[in-house]
>>> print(open('start38.txt').read())   # compact mmCIF, C-alpha atoms
# COMPACT_ATOMS: atom_id res chain seq x y z
CA MET A 206 -8.41 19.57 -46.00
CA LEU A 207 -8.76 17.17 -43.18
CA LYS A 208 -12.13 17.02 -41.46
CA LYS A 209 -11.74 17.85 -37.82
CA GLY A 210 -15.42 18.21 -37.08
CA LYS A 211 -17.29 16.16 -34.57
CA THR A 212 -17.95 12.60 -35.58
CA LYS A 213 -21.59 11.57 -35.58
CA GLU A 214 -22.68 9.72 -32.49
CA THR A 215 -23.91 6.89 -34.66
CA ASP A 216 -20.35 6.30 -35.84
CA THR A 217 -19.08 5.56 -32.37
CA GLU A 218 -19.80 2.29 -30.75
CA PRO A 219 -20.98 2.73 -27.17
CA ILE A 220 -19.01 0.60 -24.76
CA ILE A 221 -21.58 0.45 -22.07
CA SER A 222 -25.17 0.20 -23.04
CA PRO A 223 -27.90 0.81 -22.02
CA ALA A 224 -26.32 2.54 -18.98
CA ARG A 225 -26.04 6.32 -19.26
CA ALA A 226 -22.38 6.41 -20.13
CA VAL A 227 -21.28 9.73 -21.57
CA ALA A 228 -18.40 9.78 -24.03
CA SER A 229 -16.45 12.99 -24.18
CA ASP A 230 -12.90 13.53 -25.47
CA GLU A 231 -12.46 9.78 -25.70
CA LYS A 232 -13.28 9.32 -22.04
CA THR A 233 -16.39 7.52 -20.91
CA VAL A 234 -18.05 8.60 -17.68
CA ILE A 235 -20.18 6.28 -15.60
CA GLY A 236 -22.37 8.70 -13.71
CA LYS A 237 -23.25 8.81 -10.01
CA GLN A 238 -26.63 7.17 -10.47
CA ILE A 239 -25.36 4.23 -12.51
CA PHE A 240 -24.74 0.76 -11.10
CA ILE A 241 -23.11 -1.83 -13.31
CA GLU A 242 -22.63 -5.47 -12.43
CA GLY A 243 -20.51 -7.63 -14.74
CA THR A 244 -17.50 -7.05 -16.94
CA VAL A 245 -16.66 -3.61 -18.28
CA ARG A 246 -14.27 -3.83 -21.24
CA GLY A 247 -13.10 -0.88 -23.27
CA LYS A 248 -10.51 0.77 -25.44
CA GLU A 249 -10.69 4.29 -24.12
CA ASP A 250 -10.25 6.03 -20.79
CA LEU A 251 -12.99 5.59 -18.22
CA LEU A 252 -14.12 7.65 -15.25
CA ILE A 253 -16.35 5.93 -12.72
CA GLU A 254 -18.47 8.14 -10.48
CA GLY A 255 -21.12 5.48 -9.98
CA ALA A 256 -20.85 1.89 -8.78
CA VAL A 257 -19.30 -1.06 -10.59
CA LYS A 258 -19.11 -4.64 -9.40
CA GLY A 259 -17.30 -7.36 -11.34
CA ASN A 260 -14.33 -6.89 -13.67
CA ILE A 261 -12.88 -3.90 -15.46
CA GLU A 262 -10.53 -4.37 -18.40
CA LEU A 263 -9.13 -1.25 -20.05
CA THR A 264 -6.03 -2.48 -21.79
CA GLY A 265 -3.79 0.42 -22.69
CA HIS A 266 -6.05 3.02 -21.12
CA HIS A 267 -6.60 5.01 -17.96
CA LEU A 268 -9.20 4.17 -15.35
CA THR A 269 -10.20 6.81 -12.83
CA VAL A 270 -12.42 6.01 -9.89
CA GLY A 271 -13.83 9.41 -8.98
CA LEU A 272 -14.59 10.80 -5.55
CA ASN A 273 -18.08 9.32 -5.68
CA GLY A 274 -17.04 6.09 -7.33
CA GLN A 275 -17.59 2.76 -5.59
CA VAL A 276 -15.91 -0.16 -7.26
CA GLU A 277 -15.80 -3.77 -6.21
CA ALA A 278 -13.87 -5.36 -9.02
CA ASP A 279 -10.67 -6.79 -10.36
CA ILE A 280 -9.13 -4.10 -12.53
CA GLN A 281 -6.71 -4.28 -15.43
CA ALA A 282 -5.60 -1.05 -17.09
CA GLU A 283 -2.56 0.92 -18.21
CA ASN A 284 -2.92 3.56 -15.49
CA VAL A 285 -5.31 3.68 -12.57
CA THR A 286 -6.25 6.67 -10.42
CA ILE A 287 -8.28 6.08 -7.27
CA LYS A 288 -10.11 8.90 -5.54
CA GLY A 289 -13.10 6.95 -4.32
CA ARG A 290 -13.70 3.54 -2.79
CA VAL A 291 -12.26 0.40 -4.35
CA ILE A 292 -12.28 -3.19 -3.18
CA GLY A 293 -10.43 -5.62 -5.43
CA ASN A 294 -7.17 -6.39 -7.12
CA ILE A 295 -5.53 -3.97 -9.54
CA ASN A 296 -3.09 -4.84 -12.25
CA ALA A 297 -1.73 -1.67 -13.83
CA LEU A 298 0.85 -1.95 -16.59
CA ALA A 299 2.14 1.51 -15.75
CA LYS A 300 1.17 3.61 -12.73
CA ILE A 301 -1.35 3.60 -9.92
CA SER A 302 -2.17 6.90 -8.22
CA ILE A 303 -4.13 6.98 -4.98
CA THR A 304 -5.34 10.32 -3.66
CA LYS A 305 -5.89 11.25 -0.02
CA GLU A 306 -9.66 10.78 -0.29
CA ALA A 307 -9.33 7.17 -1.44
CA ASP A 308 -10.37 4.06 0.45
CA PHE A 309 -8.70 0.99 -1.03
CA ASN A 310 -8.76 -2.62 0.03
CA GLY A 311 -6.98 -5.18 -2.13
CA GLU A 312 -3.84 -6.07 -4.02
CA ILE A 313 -1.85 -3.80 -6.28
CA HIS A 314 0.50 -4.89 -9.05
CA ALA A 315 2.07 -2.04 -10.98
CA LYS A 316 5.23 -0.60 -12.41
CA SER A 317 5.08 2.46 -10.17
CA ILE A 318 2.84 3.89 -7.50
CA SER A 319 1.98 7.28 -6.05
CA ILE A 320 0.03 7.58 -2.81
CA GLU A 321 -1.06 10.75 -1.07
CA ASP A 322 -0.76 10.85 2.71
CA GLY A 323 -4.14 10.44 4.34
CA ALA A 324 -5.53 7.80 2.03
CA TYR A 325 -6.87 4.66 3.70
CA LEU A 326 -5.26 1.47 2.51
CA LYS A 327 -5.44 -2.09 3.52
CA ALA A 328 -3.35 -3.35 0.71
CA VAL A 329 -0.68 -5.60 -0.64
CA ILE A 330 1.66 -3.79 -3.00
CA GLU A 331 3.93 -5.53 -5.45
CA LEU A 332 5.89 -3.36 -7.85
CA GLU A 333 7.57 -4.60 -10.96
CA LYS A 334 11.28 -4.68 -10.22
CA GLU A 335 14.02 -3.74 -12.66
CA SER A 336 15.39 -7.27 -12.52
CA GLN A 337 12.01 -8.68 -13.58
CA LYS A 338 11.83 -6.28 -16.49
CA LYS A 339 15.34 -7.23 -17.65
CA ASN A 340 14.46 -10.90 -17.51
CA ILE A 341 11.22 -10.46 -19.39
CA HIS A 342 13.11 -8.55 -22.07
CA ALA A 343 15.73 -11.28 -22.25
CA ILE A 344 13.07 -13.94 -22.60
CA LYS A 345 11.43 -12.07 -25.46
CA LEU A 346 14.78 -11.89 -27.26
CA GLY A 347 15.70 -15.44 -26.39
CA GLY A 348 13.15 -17.08 -28.70
CA LYS A 349 13.66 -20.79 -28.05
CA THR A 350 13.80 -20.53 -24.30
CA ALA A 351 10.77 -18.24 -23.99
CA SER A 352 8.13 -20.92 -23.83
CA HIS A 353 10.12 -22.97 -21.36
CA THR A 354 10.80 -20.03 -19.07
CA SER A 355 7.26 -18.78 -19.21
CA GLN A 356 6.13 -22.02 -17.61
CA GLU A 357 8.22 -21.16 -14.56
CA PRO A 358 7.71 -17.47 -13.92
CA ALA A 359 8.63 -17.84 -10.29
CA SER A 360 12.26 -18.49 -11.14
CA LEU A 361 12.75 -15.16 -12.90
CA ALA A 362 13.45 -13.08 -9.84
CA THR A 363 15.71 -15.71 -8.37
CA GLU A 364 17.88 -15.82 -11.47
CA ALA A 365 18.19 -12.07 -11.45
CA ASP A 366 19.16 -12.07 -7.82
CA GLU A 367 21.84 -14.64 -8.43
CA GLU A 368 23.30 -12.46 -11.15
CA LYS A 369 23.59 -9.66 -8.65
CA MET B 197 16.79 0.96 8.87
CA GLU B 198 19.30 -0.91 6.73
CA GLY B 199 18.35 -4.03 8.62
CA LEU B 200 14.94 -3.98 7.04
CA GLU B 201 16.24 -3.98 3.50
CA LEU B 202 15.74 -7.67 3.28
CA ALA B 203 16.04 -10.29 0.61
CA ARG B 204 14.05 -9.60 -2.52
CA GLU B 205 11.55 -12.30 -1.66
CA SER B 206 10.70 -10.61 1.62
CA ARG B 207 7.28 -9.55 2.84
CA VAL B 208 7.00 -6.50 5.04
CA LEU B 209 3.98 -5.16 6.92
CA ASP B 210 3.63 -1.42 7.57
CA ILE B 211 1.09 -0.61 10.29
CA GLY B 212 1.93 3.07 10.63
CA SER B 213 -0.07 5.89 9.13
CA VAL B 214 -0.24 5.84 5.34
CA CYS B 215 2.71 7.77 3.96
CA GLY B 216 3.30 7.80 0.22
CA ASP B 217 7.06 8.28 0.49
CA ASN B 218 7.47 5.37 2.89
CA ILE B 219 5.31 3.09 0.78
CA THR B 220 7.25 3.93 -2.36
CA PHE B 221 10.56 3.50 -0.53
CA PHE B 222 9.77 0.04 0.79
CA ALA B 223 7.68 -1.20 -2.13
CA HIS B 224 10.74 -0.85 -4.36
CA ARG B 225 12.89 -2.81 -1.94
CA VAL B 226 10.80 -5.79 -0.90
CA LYS B 227 8.84 -8.44 -2.74
CA LYS B 228 5.49 -7.52 -1.22
CA LEU B 229 4.59 -4.61 1.01
CA TYR B 230 1.47 -4.98 3.15
CA ILE B 231 -0.26 -1.86 4.41
CA CYS B 232 -2.67 -1.72 7.34
CA ASP B 233 -3.00 1.78 8.82
CA MET B 234 -3.56 1.17 12.54
CA PHE B 235 -3.52 4.91 13.28
CA PHE B 236 -6.62 5.19 11.13
CA HIS B 237 -8.37 2.39 13.01
CA LEU B 238 -7.35 3.72 16.42
CA ARG B 239 -8.98 7.03 15.55
CA ARG B 240 -12.04 5.69 13.76
CA ASP B 241 -13.04 2.50 15.54
CA PRO B 242 -13.94 4.07 18.90
CA CYS B 243 -16.46 6.15 16.99
CA GLU B 244 -17.95 2.94 15.65
CA ILE B 245 -18.53 1.70 19.21
CA LEU B 246 -16.01 -1.09 18.94
CA PRO B 247 -14.36 -2.22 22.18
CA PRO B 248 -10.73 -1.00 22.28
CA ASN B 249 -9.30 -4.48 21.92
CA GLN B 250 -11.32 -5.02 18.74
CA VAL B 251 -9.12 -2.58 16.89
CA TRP B 252 -6.53 -5.33 16.50
CA LYS B 253 -8.92 -7.48 14.49
CA HIS B 254 -7.67 -5.55 11.45
CA LEU B 255 -4.30 -7.30 11.77
CA ASP B 256 -5.84 -10.53 10.52
CA TYR B 257 -2.76 -11.96 8.84
CA PRO B 258 -1.71 -15.61 9.19
CA PRO B 259 1.11 -16.52 11.61
CA GLN B 260 4.70 -16.16 10.38
CA SER B 261 3.68 -14.12 7.34
CA PHE B 262 6.30 -11.40 7.43
CA ASN B 263 10.04 -10.86 7.37
CA GLY B 264 9.61 -7.38 8.78
CA ILE B 265 7.02 -5.19 10.52
CA LEU B 266 7.18 -1.39 10.61
CA LEU B 267 5.53 0.03 13.74
CA TRP B 268 6.84 3.57 13.32
CA ASN B 269 5.64 5.57 16.37
CA LEU B 270 2.53 3.51 17.08
CA VAL B 271 3.91 2.53 20.50
CA ASP B 272 3.83 6.23 21.51
CA HIS B 273 0.05 6.24 21.14
CA LEU B 274 -0.88 3.03 22.95
CA ASP B 275 -1.19 2.26 26.64
CA ASP B 276 0.81 -0.62 28.11
CA TRP B 277 -1.97 -3.17 27.68
CA GLU B 278 -2.44 -2.26 24.02
CA VAL B 279 1.32 -2.35 23.36
CA GLY B 280 1.42 -5.82 24.90
CA ARG B 281 -1.44 -7.01 22.71
CA MET B 282 0.17 -5.51 19.62
CA ALA B 283 3.54 -7.06 20.49
CA GLU B 284 1.93 -10.51 20.78
CA LEU B 285 0.27 -10.12 17.41
CA CYS B 286 3.48 -8.92 15.78
CA TYR B 287 5.37 -11.82 17.33
CA ASP B 288 2.86 -14.25 15.81
CA MET B 289 2.91 -12.58 12.41
CA LEU B 290 6.70 -12.39 12.13
CA LYS B 291 8.74 -15.24 10.80
CA PRO B 292 11.57 -16.47 13.04
CA GLY B 293 14.45 -14.07 12.53
CA GLY B 294 12.09 -11.37 11.29
CA MET B 295 12.64 -7.71 12.16
CA LEU B 296 10.46 -5.22 14.01
CA LEU B 297 11.15 -1.51 13.63
CA ALA B 298 9.85 1.04 16.13
CA SER B 299 10.52 4.79 16.11
CA LEU B 300 9.54 6.72 19.22
CA THR B 301 9.29 10.42 19.77
CA GLY B 302 8.86 10.01 23.53
CA LYS B 303 10.33 12.85 25.60
CA SER B 304 11.97 14.49 22.60
CA PRO B 305 11.06 18.07 21.67
CA VAL B 306 9.06 16.79 18.71
CA GLY B 307 7.19 14.40 20.98
CA THR B 308 4.79 17.09 22.10
CA ILE B 309 3.11 17.19 18.70
CA ALA B 310 1.67 14.26 16.84
CA CYS B 311 3.84 13.34 13.90
CA SER B 312 4.74 10.63 11.47
CA PHE B 313 8.08 9.55 10.09
CA VAL B 314 9.09 9.75 6.47
CA VAL B 315 12.00 7.83 5.01
CA LYS B 316 13.98 9.73 2.43
CA ASP B 317 16.73 8.45 0.17
CA GLY B 318 19.87 7.59 2.04
CA TYR B 319 17.72 6.19 4.88
CA ARG B 320 17.26 9.67 6.32
CA LEU B 321 14.27 9.75 8.66
CA ASN B 322 12.31 13.00 8.48
CA ILE B 323 9.54 14.06 10.84
CA ASN B 324 6.22 15.08 9.39
CA PRO B 325 3.89 16.94 11.85
CA LYS B 326 0.36 15.54 11.93
CA PRO B 327 -1.71 17.93 14.04
CA ASP B 328 -4.93 16.15 13.07
CA MET B 329 -3.72 12.91 14.65
CA ASP B 330 -5.45 13.44 17.98
CA LEU B 331 -4.30 10.29 19.79
CA PRO B 332 -3.03 10.25 23.37
CA LEU B 333 0.75 10.26 23.82
CA HIS B 334 2.35 7.75 26.19
CA VAL B 335 5.91 8.78 26.97
CA ARG B 336 8.16 5.86 27.89
CA SER B 337 11.76 5.54 29.01
CA ASN B 338 14.14 3.20 27.18
CA ARG B 339 13.69 0.58 29.87
CA GLU B 340 9.91 0.75 29.57
CA VAL B 341 10.09 0.39 25.80
CA LEU B 342 12.28 -2.69 26.10
CA GLU B 343 9.93 -4.16 28.70
CA CYS B 344 6.89 -3.55 26.50
CA LEU B 345 8.55 -5.32 23.59
CA SER B 346 10.37 -7.94 25.65
CA LEU B 347 9.09 -10.72 23.40
CA PHE B 348 11.72 -9.59 20.93
CA THR B 349 15.50 -9.32 21.08
CA LEU B 350 16.91 -5.83 20.68
CA VAL B 351 19.34 -5.78 17.76
CA LYS B 352 20.06 -2.10 17.49
CA SER B 353 18.91 1.20 18.90
CA PHE B 354 19.69 4.69 17.73
CA LEU B 355 19.15 8.11 19.25
CA TYR B 356 18.75 10.96 16.79
CA GLN B 357 19.90 14.50 17.55
CA ASN B 358 16.29 15.63 17.83
CA GLY B 359 15.63 13.03 20.51
CA VAL B 360 13.79 10.50 18.35
CA ARG B 361 14.66 6.94 19.28
CA GLU B 362 14.74 4.13 16.77
CA TYR B 363 14.73 0.46 17.81
CA LEU B 364 15.28 -2.60 15.69
CA PHE B 365 14.08 -5.83 17.29
CA GLN B 366 14.33 -9.39 16.07
CA HIS B 367 12.04 -12.37 16.43
CA ASP B 368 14.04 -15.22 17.99
>>> encode(input="start38.txt", output="structure tokens")
Amino acid sequence: MLKKGKTKETDTEPIISPARAVASDEKTVIGKQIFIEGTVRGKEDLLIEGAVKGNIELTGHHLTVGLNGQVEADIQAENVTIKGRVIGNINALAKISITKEADFNGEIHAKSISIEDGAYLKAVIELEKESQKKNIHAIKLGGKTASHTSQEPASLATEADEEK
Amino acid sequence: MEGLELARESRVLDIGSVCGDNITFFAHRVKKLYICDMFFHLRRDPCEILPPNQVWKHLDYPPQSFNGILLWNLVDHLDDWEVGRMAELCYDMLKPGGMLLASLTGKSPVGTIACSFVVKDGYRLNINPKPDMDLPLHVRSNREVLECLSLFTLVKSFLYQNGVREYLFQHD
């Protein structure tokens, strides 16, 4: 039958080395005593309880900045949850959740957002609008016009507004 | 409230206490929503031995940046001098024709407890008690409110059944 046993550690490629990142259930944890400066790139979920400065790229995955986490970085991920302190710009393809303990300073671009009362924010929030999504979909289907339109992204919203 | 549902390219600044429902409500309706929780700074900065007037340094946005500014009930918790300073800053930050929204509890029954306002669908304004918001309350009459914010032109005012007053001002 299928082997469901644990895979050997040697089979998995550590994302962050030599820092003490712990992989469990396809989530990597950057512990409280770890400080990373540079770019963190990965293809699994990440929980930061330590400090990270630089860039974080987790395409298609979930980044959580824990209660003890201190992040000063530009972040790109599918979903982002902030419980700790973050300074930087966040681009989430799906949702950003900010809990009441969070301290965030920066820009947010996301499809949707959830913020608990009591969080501290000095932020700029820009959510993806339905009209933008429709236009992007239309461009993808349009083929020939896609490259032309992509050179002028600013006009997308305007065209949608005119339609309305 | 409808007056603040501006063009889709609009930029709105919310300087009330952070409220998830309000942020979600406005973020879906404007191009960019700016958040700067002045209630937080009013409570915290005195502990950091900052002079009272330094609290406004957090509103460090360029002139004529916004189409709308949401004050919520901030005016209720500032003395006249601070309201004047805030009004000047808001006047500078608003674009000509921009809107300023203020909601005051004042002498209303709910005014005796600290609270925040939450916008629900259908533009319904709900009151959310905030007992931990230990800021002084400055009760003002309508005339005093208009005097404090005399830099702006009053477009609309509304008195709710519970005594809450809502004012919509416009930058000339």
>>> closest_atom_pairs(input="start38.txt", of="segment 220-305 of chain B", to="segment 300-324 of chain A", cutoff="10 Å", atoms="only C-alpha atoms", output="CSV")
residue,atom,partner,partner_atom,distance
B:Thr220,CA,A:Ile318,CA,6.8
B:Ala223,CA,A:Ile318,CA,8.8
B:His224,CA,A:Ser317,CA,8.8
B:Lys228,CA,A:His314,CA,9.7
B:Leu229,CA,A:Ile313,CA,9.8
B:Tyr230,CA,A:Glu312,CA,9.0
B:Ile231,CA,A:Asn310,CA,9.6
B:Cys232,CA,A:Asn310,CA,9.6
B:Asp233,CA,A:Ala324,CA,9.4
B:Phe236,CA,A:Gly323,CA,8.9
>>> write_last_selection(input="start38.txt", atoms="C-alpha atoms", output="compact mmCIF listing (two decimals), keeping the file's coordinate frame")
# COMPACT_ATOMS: atom_id res chain seq x y z
CA THR B 220 7.25 3.93 -2.36
CA ALA B 223 7.68 -1.20 -2.13
CA HIS B 224 10.74 -0.85 -4.36
CA LYS B 228 5.49 -7.52 -1.22
CA LEU B 229 4.59 -4.61 1.01
CA TYR B 230 1.47 -4.98 3.15
CA ILE B 231 -0.26 -1.86 4.41
CA CYS B 232 -2.67 -1.72 7.34
CA ASP B 233 -3.00 1.78 8.82
CA PHE B 236 -6.62 5.19 11.13
>>> residues_around(input="start38.txt", residues="segment 347-357 of chain B", least_positions_apart="6", cutoff="6 Å", atoms="only C-alpha atoms", output="PyMOL selection string")
chain B and resi 363-367
>>> atom_distance(input="start38.txt", atom1="atom CA of Val341 of chain B", atom2="atom CA of Glu362 of chain B")
10.8 Å
>>> atom_distance(input="start38.txt", atom1="atom CA of Asn260 of chain A", atom2="atom CA of Val245 of chain A")
6.1 Å
>>> residues_near_point(input="start38.txt", point="(-29.4, 0.3, -5.8)", cutoff="12 Å", atoms="only C-alpha atoms", output="mmCIF file with C-alpha atoms, in the coordinates of the input")
data_model
loop_
_atom_site.group_PDB
_atom_site.id
_atom_site.type_symbol
_atom_site.label_atom_id
_atom_site.label_comp_id
_atom_site.auth_asym_id
_atom_site.auth_seq_id
_atom_site.Cartn_x
_atom_site.Cartn_y
_atom_site.Cartn_z
ATOM 1 C CA LYS A 237 -23.250 8.810 -10.010
ATOM 2 C CA GLN A 238 -26.630 7.170 -10.470
ATOM 3 C CA ILE A 239 -25.360 4.230 -12.510
ATOM 4 C CA PHE A 240 -24.740 0.760 -11.100
ATOM 5 C CA ILE A 241 -23.110 -1.830 -13.310
ATOM 6 C CA GLU A 242 -22.630 -5.470 -12.430
ATOM 7 C CA GLY A 255 -21.120 5.480 -9.980
ATOM 8 C CA ALA A 256 -20.850 1.890 -8.780
ATOM 9 C CA VAL A 257 -19.300 -1.060 -10.590
ATOM 10 C CA LYS A 258 -19.110 -4.640 -9.400
#
>>> closest_residue(input="start38.txt", among="B:Asp288, B:Asp368, B:Glu205, B:Asp217", to="Gln260 of chain B", atoms="only C-alpha atoms")
B:Asp288
>>> atom_distance(input="start38.txt", atom1="atom CA of Leu272 of chain A", atom2="atom CA of Val214 of chain B")
18.7 Å
>>> closest_residue(input="start38.txt", among="B:Val279, B:Val335, B:Val226, B:Val315", to="chain A", atoms="all atoms listed in the file")
B:Val226
>>> decode(input="start38.txt", residues="segment 335-351 of chain B", atoms="N, CA and C atoms", output="mmCIF file, in the first residue's frame")
data_model
loop_
_atom_site.group_PDB
_atom_site.id
_atom_site.type_symbol
_atom_site.label_atom_id
_atom_site.label_comp_id
_atom_site.auth_asym_id
_atom_site.auth_seq_id
_atom_site.Cartn_x
_atom_site.Cartn_y
_atom_site.Cartn_z
ATOM 1 N N VAL B 335 -17.601 67.996 26.013
ATOM 2 C CA VAL B 335 -18.948 68.111 25.444
ATOM 3 C C VAL B 335 -19.105 69.482 24.801
ATOM 4 N N ARG B 336 -19.583 69.506 23.576
ATOM 5 C CA ARG B 336 -19.744 70.778 22.858
ATOM 6 C C ARG B 336 -21.150 70.888 22.276
ATOM 7 N N SER B 337 -21.642 72.121 22.244
ATOM 8 C CA SER B 337 -22.931 72.376 21.587
ATOM 9 C C SER B 337 -22.697 72.401 20.074
ATOM 10 N N ASN B 338 -23.787 72.396 19.329
ATOM 11 C CA ASN B 338 -23.672 72.468 17.860
ATOM 12 C C ASN B 338 -22.873 73.685 17.433
ATOM 13 N N ARG B 339 -23.192 74.831 18.072
ATOM 14 C CA ARG B 339 -22.507 76.062 17.683
ATOM 15 C C ARG B 339 -21.002 75.953 17.926
ATOM 16 N N GLU B 340 -20.650 75.350 19.057
ATOM 17 C CA GLU B 340 -19.217 75.204 19.373
ATOM 18 C C GLU B 340 -18.514 74.271 18.387
ATOM 19 N N VAL B 341 -19.217 73.243 17.977
ATOM 20 C CA VAL B 341 -18.628 72.314 16.998
ATOM 21 C C VAL B 341 -18.359 73.050 15.686
ATOM 22 N N LEU B 342 -19.359 73.828 15.252
ATOM 23 C CA LEU B 342 -19.203 74.551 13.981
ATOM 24 C C LEU B 342 -18.096 75.593 14.075
ATOM 25 N N GLU B 343 -17.959 76.203 15.254
ATOM 26 C CA GLU B 343 -16.878 77.177 15.437
ATOM 27 C C GLU B 343 -15.520 76.496 15.385
ATOM 28 N N CYS B 344 -15.411 75.349 16.057
ATOM 29 C CA CYS B 344 -14.141 74.610 16.068
ATOM 30 C C CYS B 344 -13.698 74.208 14.665
ATOM 31 N N LEU B 345 -14.675 73.891 13.836
ATOM 32 C CA LEU B 345 -14.344 73.405 12.488
ATOM 33 C C LEU B 345 -14.758 74.440 11.435
ATOM 34 N N SER B 346 -14.599 75.719 11.800
ATOM 35 C CA SER B 346 -15.079 76.787 10.922
ATOM 36 C C SER B 346 -14.246 76.934 9.650
ATOM 37 N N LEU B 347 -13.116 76.249 9.579
ATOM 38 C CA LEU B 347 -12.339 76.278 8.332
ATOM 39 C C LEU B 347 -13.110 75.620 7.201
ATOM 40 N N PHE B 348 -14.047 74.758 7.575
ATOM 41 C CA PHE B 348 -14.783 73.981 6.580
ATOM 42 C C PHE B 348 -16.217 74.491 6.455
ATOM 43 N N THR B 349 -16.835 74.130 5.332
ATOM 44 C CA THR B 349 -18.240 74.474 5.118
ATOM 45 C C THR B 349 -19.107 73.279 5.502
ATOM 46 N N LEU B 350 -20.102 73.522 6.315
ATOM 47 C CA LEU B 350 -21.002 72.436 6.707
ATOM 48 C C LEU B 350 -21.907 72.075 5.529
ATOM 49 N N VAL B 351 -21.879 70.802 5.145
ATOM 50 C CA VAL B 351 -22.707 70.331 4.039
ATOM 51 C C VAL B 351 -23.987 69.714 4.573
#
